[in-house]
Amino acid sequence: MEEQYSFETQKLPEKDKEENIILVPAPTRERLNERQYIDYRKHRRDLVRWMLHFGKDPDTAEGYAFDVVKRRAHDVDVFYRYVWGKESGYTTTVTHSHAEDYMTELARSDKSNSHKSNVQKSLKMLFRWRDDTEEWNPTFSFSSSNATAPREYLTQKERQLVREASLEWDSTPAYAAMAPKERNRWKQFLSIRLNKPVSEIRP
């Protein structure tokens, strides 16, 4: 799968943006000649305008939120580049077959189910916008239930050690279980913490 590309920092003329959304990101520009670039930029502008003002509910002229449009514009752009690789060149004619192949490759990747689900929503929206094809109903879908679940970075053993350390942190060990030197250290620590003389610290 093509690597994700951040285009947050690209400095472009306003004609290459639509309401601050980049129409032709750098990796796409590199693959197009001037005629293709102008055609693709118009194609993308039409799509972005539709997403912003009609995409969520065309009947009531309700568009998607800016962040959703930005994300979906990116997903769709990556999909077009995938199609160009398959078709050996530029085209804005994409098919359900292209979408199925792309999602099958994405399914085999190590991307999160949340990412896969978002890409699939982006492509479904793309086909809903296009007037030269039917809406796309994918043959499979992705559960996005892990979208809000925090990723687990620690192993089970590491989690156990962290838990044990948190239980021990800020707790005084049993007086009888400590050696005389350790008792003295704890008395000094507690005298500072409790703002009392060491002589007043009792077992």
# chains A, B, ... in the order shown; residues from 1 in each chain; ligands from 1
call {"tool": "residues_around", "arguments": {"residues": "segment 170-184 of chain A", "least_positions_apart": "4", "cutoff": "12 Å", "atoms": "only C-alpha atoms", "output": "ChimeraX atom specification"}}
result
/A:164-166,188-191,193,198-199,201-203
call {"tool": "write_last_selection", "arguments": {"atoms": "C-alpha atoms", "output": "mmCIF file, in the first residue's frame"}}
result
data_model
loop_
_atom_site.group_PDB
_atom_site.id
_atom_site.type_symbol
_atom_site.label_atom_id
_atom_site.label_comp_id
_atom_site.auth_asym_id
_atom_site.auth_seq_id
_atom_site.Cartn_x
_atom_site.Cartn_y
_atom_site.Cartn_z
ATOM 1 C CA GLU A 164 2.758 -3.456 41.278
ATOM 2 C CA ALA A 165 4.993 -0.387 41.263
ATOM 3 C CA SER A 166 1.953 1.917 41.462
ATOM 4 C CA GLN A 188 14.260 10.681 57.931
ATOM 5 C CA PHE A 189 12.008 10.668 54.867
ATOM 6 C CA LEU A 190 8.823 10.739 56.970
ATOM 7 C CA SER A 191 10.150 13.462 59.263
ATOM 8 C CA ARG A 193 7.292 14.739 54.708
ATOM 9 C CA VAL A 198 12.991 12.341 63.539
ATOM 10 C CA SER A 199 12.605 11.587 67.252
ATOM 11 C CA ILE A 201 8.545 9.284 64.163
ATOM 12 C CA ARG A 202 7.309 6.061 65.773
ATOM 13 C CA PRO A 203 6.832 2.545 64.353
#
call {"tool": "residues_around", "arguments": {"residues": "Ala73 of chain A", "least_positions_apart": "3", "cutoff": "9 Å", "atoms": "only C-alpha atoms", "output": "compact mmCIF listing (two decimals) with C-alpha atoms, in the first residue's frame"}}
result
# COMPACT_ATOMS: atom_id res chain seq x y z
CA ILE A 21 -7.86 22.01 1.48
CA ILE A 22 -5.05 21.10 -0.90
CA LEU A 23 -6.44 19.89 -4.20
CA ARG A 44 -10.81 17.60 -7.06
CA LEU A 47 -15.42 16.97 -5.23
CA VAL A 48 -14.20 19.10 -2.31
CA MET A 51 -18.21 17.44 0.26
CA VAL A 68 -13.87 15.07 7.66
CA VAL A 69 -13.50 16.67 4.21
CA LYS A 70 -9.75 17.03 4.68
CA VAL A 76 -9.52 9.65 -2.21
CA ASP A 77 -6.29 11.16 -3.57
CA VAL A 78 -4.28 8.13 -2.39
CA SER A 122 -14.29 7.88 1.80
call {"tool": "closest_residue", "arguments": {"among": "A:Leu106, A:Asp16, A:Thr93, A:Lys124", "to": "Arg29 of chain A", "atoms": "only C-alpha atoms"}}
result
A:Asp16
call {"tool": "residues_around", "arguments": {"residues": "Ser117 of chain A", "least_positions_apart": "5", "cutoff": "9 Å", "atoms": "only C-alpha atoms", "output": "PDB file with C-alpha atoms, in the first residue's frame"}}
result
ATOM      1  CA  SER A 112      -5.861  -0.216  12.013  1.00  0.00           C
ATOM      2  CA  SER A 122     -14.288   7.884   1.804  1.00  0.00           C
ATOM      3  CA  SER A 141     -16.557  -3.996   5.733  1.00  0.00           C
ATOM      4  CA  PHE A 142     -14.342  -3.185   8.688  1.00  0.00           C
ATOM      5  CA  SER A 143     -15.361  -2.832  12.287  1.00  0.00           C
ATOM      6  CA  SER A 144     -14.330   0.562  13.568  1.00  0.00           C
TER       7      SER A 144
END
call {"tool": "residues_around", "arguments": {"residues": "Lys86 of chain A", "least_positions_apart": "4", "cutoff": "9 Å", "atoms": "only C-alpha atoms", "output": "ChimeraX atom specification"}}
result
/A:81-82,98
call {"tool": "residues_around", "arguments": {"residues": "Val24 of chain A", "least_positions_apart": "2", "cutoff": "12 Å", "atoms": "only C-alpha atoms", "output": "PDB file with N, CA and C atoms, in the first residue's frame"}}
result
ATOM      1  N   PHE A   7       0.213  16.500   4.134  1.00  0.00           N
ATOM      2  CA  PHE A   7       0.391  17.701   3.319  1.00  0.00           C
ATOM      3  C   PHE A   7      -0.056  18.928   4.085  1.00  0.00           C
ATOM      4  N   GLN A  10       2.377  22.176   3.175  1.00  0.00           N
ATOM      5  CA  GLN A  10       2.649  22.613   1.811  1.00  0.00           C
ATOM      6  C   GLN A  10       2.198  24.052   1.608  1.00  0.00           C
ATOM      7  N   LYS A  11       3.078  24.853   1.042  1.00  0.00           N
ATOM      8  CA  LYS A  11       2.755  26.246   0.723  1.00  0.00           C
ATOM      9  C   LYS A  11       2.371  26.293  -0.756  1.00  0.00           C
ATOM     10  N   LEU A  12       1.108  26.573  -1.016  1.00  0.00           N
ATOM     11  CA  LEU A  12       0.620  26.558  -2.391  1.00  0.00           C
ATOM     12  C   LEU A  12      -0.178  27.820  -2.688  1.00  0.00           C
ATOM     13  N   PRO A  13      -0.249  28.203  -3.967  1.00  0.00           N
ATOM     14  CA  PRO A  13      -1.119  29.325  -4.340  1.00  0.00           C
ATOM     15  C   PRO A  13      -2.581  28.974  -4.035  1.00  0.00           C
ATOM     16  N   GLU A  14      -3.405  29.982  -3.839  1.00  0.00           N
ATOM     17  CA  GLU A  14      -4.818  29.758  -3.504  1.00  0.00           C
ATOM     18  C   GLU A  14      -5.546  28.970  -4.591  1.00  0.00           C
ATOM     19  N   LYS A  15      -5.116  29.105  -5.852  1.00  0.00           N
ATOM     20  CA  LYS A  15      -5.795  28.369  -6.924  1.00  0.00           C
ATOM     21  C   LYS A  15      -5.612  26.859  -6.763  1.00  0.00           C
ATOM     22  N   ASP A  16      -4.649  26.442  -5.958  1.00  0.00           N
ATOM     23  CA  ASP A  16      -4.408  25.019  -5.724  1.00  0.00           C
ATOM     24  C   ASP A  16      -5.053  24.529  -4.436  1.00  0.00           C
ATOM     25  N   LYS A  17      -5.914  25.380  -3.847  1.00  0.00           N
ATOM     26  CA  LYS A  17      -6.625  25.001  -2.631  1.00  0.00           C
ATOM     27  C   LYS A  17      -8.102  25.324  -2.791  1.00  0.00           C
ATOM     28  N   GLU A  18      -8.913  24.656  -2.030  1.00  0.00           N
ATOM     29  CA  GLU A  18     -10.335  24.978  -1.941  1.00  0.00           C
ATOM     30  C   GLU A  18     -10.674  25.046  -0.462  1.00  0.00           C
ATOM     31  N   ASN A  20      -8.907  26.080   1.918  1.00  0.00           N
ATOM     32  CA  ASN A  20      -7.695  25.638   2.628  1.00  0.00           C
ATOM     33  C   ASN A  20      -7.456  24.126   2.578  1.00  0.00           C
ATOM     34  N   ILE A  21      -8.119  23.439   1.693  1.00  0.00           N
ATOM     35  CA  ILE A  21      -7.857  22.006   1.476  1.00  0.00           C
ATOM     36  C   ILE A  21      -7.066  21.882   0.184  1.00  0.00           C
ATOM     37  N   ILE A  22      -5.922  21.226   0.265  1.00  0.00           N
ATOM     38  CA  ILE A  22      -5.047  21.101  -0.905  1.00  0.00           C
ATOM     39  C   ILE A  22      -5.684  20.168  -1.927  1.00  0.00           C
ATOM     40  N   ALA A  26       1.546  17.043  -3.159  1.00  0.00           N
ATOM     41  CA  ALA A  26       2.860  16.915  -3.811  1.00  0.00           C
ATOM     42  C   ALA A  26       3.092  15.573  -4.489  1.00  0.00           C
ATOM     43  N   PRO A  27       2.830  14.420  -3.836  1.00  0.00           N
ATOM     44  CA  PRO A  27       3.119  13.152  -4.529  1.00  0.00           C
ATOM     45  C   PRO A  27       2.262  12.941  -5.766  1.00  0.00           C
ATOM     46  N   THR A  28       1.104  13.588  -5.794  1.00  0.00           N
ATOM     47  CA  THR A  28       0.238  13.493  -6.973  1.00  0.00           C
ATOM     48  C   THR A  28       0.742  14.411  -8.072  1.00  0.00           C
ATOM     49  N   ARG A  29       1.121  15.645  -7.709  1.00  0.00           N
ATOM     50  CA  ARG A  29       1.656  16.601  -8.702  1.00  0.00           C
ATOM     51  C   ARG A  29       2.840  16.007  -9.448  1.00  0.00           C
ATOM     52  N   GLU A  30       3.673  15.260  -8.722  1.00  0.00           N
ATOM     53  CA  GLU A  30       4.875  14.674  -9.334  1.00  0.00           C
ATOM     54  C   GLU A  30       4.541  13.687 -10.445  1.00  0.00           C
ATOM     55  N   ARG A  31       3.330  13.158 -10.454  1.00  0.00           N
ATOM     56  CA  ARG A  31       2.968  12.119 -11.428  1.00  0.00           C
ATOM     57  C   ARG A  31       2.183  12.653 -12.619  1.00  0.00           C
ATOM     58  N   LEU A  32       1.885  13.959 -12.618  1.00  0.00           N
ATOM     59  CA  LEU A  32       1.009  14.508 -13.656  1.00  0.00           C
ATOM     60  C   LEU A  32       1.726  15.503 -14.558  1.00  0.00           C
ATOM     61  N   GLN A  36      -2.866  17.108 -17.366  1.00  0.00           N
ATOM     62  CA  GLN A  36      -3.468  16.224 -16.368  1.00  0.00           C
ATOM     63  C   GLN A  36      -3.650  16.956 -15.039  1.00  0.00           C
ATOM     64  N   TYR A  37      -2.656  17.770 -14.701  1.00  0.00           N
ATOM     65  CA  TYR A  37      -2.712  18.519 -13.456  1.00  0.00           C
ATOM     66  C   TYR A  37      -3.930  19.444 -13.428  1.00  0.00           C
ATOM     67  N   ILE A  38      -4.149  20.176 -14.508  1.00  0.00           N
ATOM     68  CA  ILE A  38      -5.286  21.102 -14.577  1.00  0.00           C
ATOM     69  C   ILE A  38      -6.602  20.334 -14.510  1.00  0.00           C
ATOM     70  N   ASP A  39      -6.673  19.197 -15.201  1.00  0.00           N
ATOM     71  CA  ASP A  39      -7.886  18.379 -15.200  1.00  0.00           C
ATOM     72  C   ASP A  39      -8.163  17.819 -13.802  1.00  0.00           C
ATOM     73  N   TYR A  40      -7.127  17.286 -13.186  1.00  0.00           N
ATOM     74  CA  TYR A  40      -7.300  16.669 -11.862  1.00  0.00           C
ATOM     75  C   TYR A  40      -7.656  17.726 -10.808  1.00  0.00           C
ATOM     76  N   ARG A  41      -7.036  18.900 -10.909  1.00  0.00           N
ATOM     77  CA  ARG A  41      -7.326  19.966  -9.954  1.00  0.00           C
ATOM     78  C   ARG A  41      -8.799  20.370 -10.041  1.00  0.00           C
ATOM     79  N   LYS A  42      -9.350  20.468 -11.264  1.00  0.00           N
ATOM     80  CA  LYS A  42     -10.774  20.799 -11.421  1.00  0.00           C
ATOM     81  C   LYS A  42     -11.650  19.680 -10.855  1.00  0.00           C
ATOM     82  N   HIS A  43     -11.279  18.437 -11.155  1.00  0.00           N
ATOM     83  CA  HIS A  43     -12.006  17.270 -10.654  1.00  0.00           C
ATOM     84  C   HIS A  43     -12.056  17.292  -9.127  1.00  0.00           C
ATOM     85  N   ARG A  44     -10.908  17.562  -8.526  1.00  0.00           N
ATOM     86  CA  ARG A  44     -10.808  17.595  -7.060  1.00  0.00           C
ATOM     87  C   ARG A  44     -11.567  18.784  -6.474  1.00  0.00           C
ATOM     88  N   ARG A  45     -11.507  19.926  -7.143  1.00  0.00           N
ATOM     89  CA  ARG A  45     -12.221  21.107  -6.639  1.00  0.00           C
ATOM     90  C   ARG A  45     -13.724  20.829  -6.596  1.00  0.00           C
ATOM     91  N   VAL A  48     -14.348  18.443  -3.618  1.00  0.00           N
ATOM     92  CA  VAL A  48     -14.198  19.100  -2.311  1.00  0.00           C
ATOM     93  C   VAL A  48     -15.360  20.060  -2.051  1.00  0.00           C
ATOM     94  N   ALA A  73     -10.657  13.806   1.468  1.00  0.00           N
ATOM     95  CA  ALA A  73      -9.950  14.285   0.274  1.00  0.00           C
ATOM     96  C   ALA A  73      -8.593  13.581   0.169  1.00  0.00           C
ATOM     97  N   HIS A  74      -7.931  13.423   1.289  1.00  0.00           N
ATOM     98  CA  HIS A  74      -6.636  12.726   1.302  1.00  0.00           C
ATOM     99  C   HIS A  74      -6.804  11.252   0.917  1.00  0.00           C
ATOM    100  N   VAL A  76      -9.130   9.799  -0.800  1.00  0.00           N
ATOM    101  CA  VAL A  76      -9.516   9.652  -2.212  1.00  0.00           C
ATOM    102  C   VAL A  76      -8.317   9.901  -3.124  1.00  0.00           C
ATOM    103  N   ASP A  77      -7.486  10.876  -2.765  1.00  0.00           N
ATOM    104  CA  ASP A  77      -6.294  11.159  -3.571  1.00  0.00           C
ATOM    105  C   ASP A  77      -5.354   9.953  -3.597  1.00  0.00           C
ATOM    106  N   VAL A  78      -5.136   9.323  -2.447  1.00  0.00           N
ATOM    107  CA  VAL A  78      -4.278   8.131  -2.387  1.00  0.00           C
ATOM    108  C   VAL A  78      -4.885   7.016  -3.242  1.00  0.00           C
ATOM    109  N   TYR A  80      -6.797   7.378  -5.947  1.00  0.00           N
ATOM    110  CA  TYR A  80      -6.573   7.684  -7.365  1.00  0.00           C
ATOM    111  C   TYR A  80      -5.154   7.298  -7.783  1.00  0.00           C
ATOM    112  N   ARG A  81      -4.178   7.585  -6.944  1.00  0.00           N
ATOM    113  CA  ARG A  81      -2.800   7.218  -7.294  1.00  0.00           C
ATOM    114  C   ARG A  81      -2.661   5.695  -7.410  1.00  0.00           C
TER     115      ARG A  81
END
call {"tool": "closest_residue", "arguments": {"among": "A:Arg49, A:Ala107, A:His96, A:Asp131", "to": "Tyr64 of chain A", "atoms": "only C-alpha atoms"}}
result
A:Arg49
call {"tool": "closest_residue", "arguments": {"among": "A:Val162, A:Phe79, A:Gln156, A:Lys116", "to": "Tyr102 of chain A", "atoms": "only C-alpha atoms"}}
result
A:Phe79
call {"tool": "atom_distance", "arguments": {"atom1": "atom CA of Glu34 of chain A", "atom2": "atom CA of Trp84 of chain A"}}
result
16.2 Å
call {"tool": "select_by_dssp", "arguments": {"residues": "segment 41-89 of chain A", "states": "helix (DSSP H, G or I)", "output": "JSON, numbers by chain"}}
result
{"A": [41, 42, 43, 44, 45, 46, 47, 48, 49, 50, 51, 52, 53, 58, 59, 60, 66, 67, 68, 69, 70, 71, 72, 73, 74, 75, 76, 77, 78, 79, 80, 81, 82, 83, 84, 85, 86, 87]}
call {"tool": "write_last_selection", "arguments": {"atoms": "N, CA and C atoms", "output": "compact mmCIF listing (two decimals), in the first residue's frame"}}
result
# COMPACT_ATOMS: atom_id res chain seq x y z
N ARG A 41 -7.04 18.90 -10.91
CA ARG A 41 -7.33 19.97 -9.95
C ARG A 41 -8.80 20.37 -10.04
N LYS A 42 -9.35 20.47 -11.26
CA LYS A 42 -10.77 20.80 -11.42
C LYS A 42 -11.65 19.68 -10.86
N HIS A 43 -11.28 18.44 -11.15
CA HIS A 43 -12.01 17.27 -10.65
C HIS A 43 -12.06 17.29 -9.13
N ARG A 44 -10.91 17.56 -8.53
CA ARG A 44 -10.81 17.60 -7.06
C ARG A 44 -11.57 18.78 -6.47
N ARG A 45 -11.51 19.93 -7.14
CA ARG A 45 -12.22 21.11 -6.64
C ARG A 45 -13.72 20.83 -6.60
N ASP A 46 -14.24 20.22 -7.65
CA ASP A 46 -15.67 19.88 -7.69
C ASP A 46 -16.02 18.93 -6.55
N LEU A 47 -15.17 17.94 -6.31
CA LEU A 47 -15.42 16.97 -5.23
C LEU A 47 -15.38 17.65 -3.87
N VAL A 48 -14.35 18.44 -3.62
CA VAL A 48 -14.20 19.10 -2.31
C VAL A 48 -15.36 20.06 -2.05
N ARG A 49 -15.76 20.82 -3.07
CA ARG A 49 -16.91 21.72 -2.89
C ARG A 49 -18.17 20.94 -2.55
N TRP A 50 -18.38 19.83 -3.22
CA TRP A 50 -19.56 19.01 -2.96
C TRP A 50 -19.50 18.46 -1.53
N MET A 51 -18.33 17.96 -1.10
CA MET A 51 -18.21 17.44 0.26
C MET A 51 -18.51 18.51 1.30
N LEU A 52 -17.98 19.72 1.08
CA LEU A 52 -18.14 20.80 2.05
C LEU A 52 -19.58 21.30 2.15
N HIS A 53 -20.32 21.26 1.03
CA HIS A 53 -21.63 21.92 1.02
C HIS A 53 -22.82 20.98 0.82
N PRO A 58 -27.24 15.71 0.58
CA PRO A 58 -27.48 16.58 -0.58
C PRO A 58 -28.88 17.18 -0.61
N ASP A 59 -29.88 16.47 -0.07
CA ASP A 59 -31.26 16.97 -0.11
C ASP A 59 -31.45 18.22 0.74
N THR A 60 -30.67 18.34 1.81
CA THR A 60 -30.80 19.52 2.68
C THR A 60 -29.56 20.41 2.60
N PHE A 66 -15.19 20.27 8.25
CA PHE A 66 -13.91 20.52 7.57
C PHE A 66 -12.92 19.37 7.76
N ASP A 67 -12.76 18.90 8.99
CA ASP A 67 -11.79 17.82 9.26
C ASP A 67 -12.15 16.54 8.52
N VAL A 68 -13.43 16.26 8.40
CA VAL A 68 -13.87 15.07 7.66
C VAL A 68 -13.53 15.23 6.18
N VAL A 69 -13.80 16.42 5.63
CA VAL A 69 -13.50 16.67 4.21
C VAL A 69 -12.00 16.54 3.96
N LYS A 70 -11.20 17.09 4.84
CA LYS A 70 -9.75 17.03 4.68
C LYS A 70 -9.27 15.58 4.67
N ARG A 71 -9.78 14.80 5.59
CA ARG A 71 -9.41 13.38 5.68
C ARG A 71 -9.86 12.62 4.43
N ARG A 72 -11.10 12.83 4.04
CA ARG A 72 -11.63 12.08 2.89
C ARG A 72 -10.96 12.52 1.58
N ALA A 73 -10.66 13.81 1.47
CA ALA A 73 -9.95 14.28 0.27
C ALA A 73 -8.59 13.58 0.17
N HIS A 74 -7.93 13.42 1.29
CA HIS A 74 -6.64 12.73 1.30
C HIS A 74 -6.80 11.25 0.92
N ASP A 75 -7.77 10.58 1.54
CA ASP A 75 -8.00 9.15 1.25
C ASP A 75 -8.29 8.93 -0.24
N VAL A 76 -9.13 9.80 -0.80
CA VAL A 76 -9.52 9.65 -2.21
C VAL A 76 -8.32 9.90 -3.12
N ASP A 77 -7.49 10.88 -2.76
CA ASP A 77 -6.29 11.16 -3.57
C ASP A 77 -5.35 9.95 -3.60
N VAL A 78 -5.14 9.32 -2.45
CA VAL A 78 -4.28 8.13 -2.39
C VAL A 78 -4.88 7.02 -3.24
N PHE A 79 -6.21 6.88 -3.20
CA PHE A 79 -6.90 5.87 -4.02
C PHE A 79 -6.69 6.12 -5.51
N TYR A 80 -6.80 7.38 -5.95
CA TYR A 80 -6.57 7.68 -7.36
C TYR A 80 -5.15 7.30 -7.78
N ARG A 81 -4.18 7.58 -6.94
CA ARG A 81 -2.80 7.22 -7.29
C ARG A 81 -2.66 5.69 -7.41
N TYR A 82 -3.37 4.97 -6.56
CA TYR A 82 -3.37 3.50 -6.65
C TYR A 82 -3.93 3.07 -8.01
N VAL A 83 -5.04 3.67 -8.40
CA VAL A 83 -5.66 3.32 -9.69
C VAL A 83 -4.71 3.63 -10.84
N TRP A 84 -4.03 4.77 -10.79
CA TRP A 84 -3.09 5.12 -11.85
C TRP A 84 -1.99 4.08 -11.97
N GLY A 85 -1.55 3.55 -10.86
CA GLY A 85 -0.54 2.49 -10.89
C GLY A 85 -1.07 1.23 -11.54
N LYS A 86 -2.33 0.91 -11.28
CA LYS A 86 -2.95 -0.29 -11.87
C LYS A 86 -3.22 -0.10 -13.36
N GLU A 87 -3.61 1.10 -13.74
CA GLU A 87 -3.98 1.37 -15.13
C GLU A 87 -2.82 1.93 -15.95
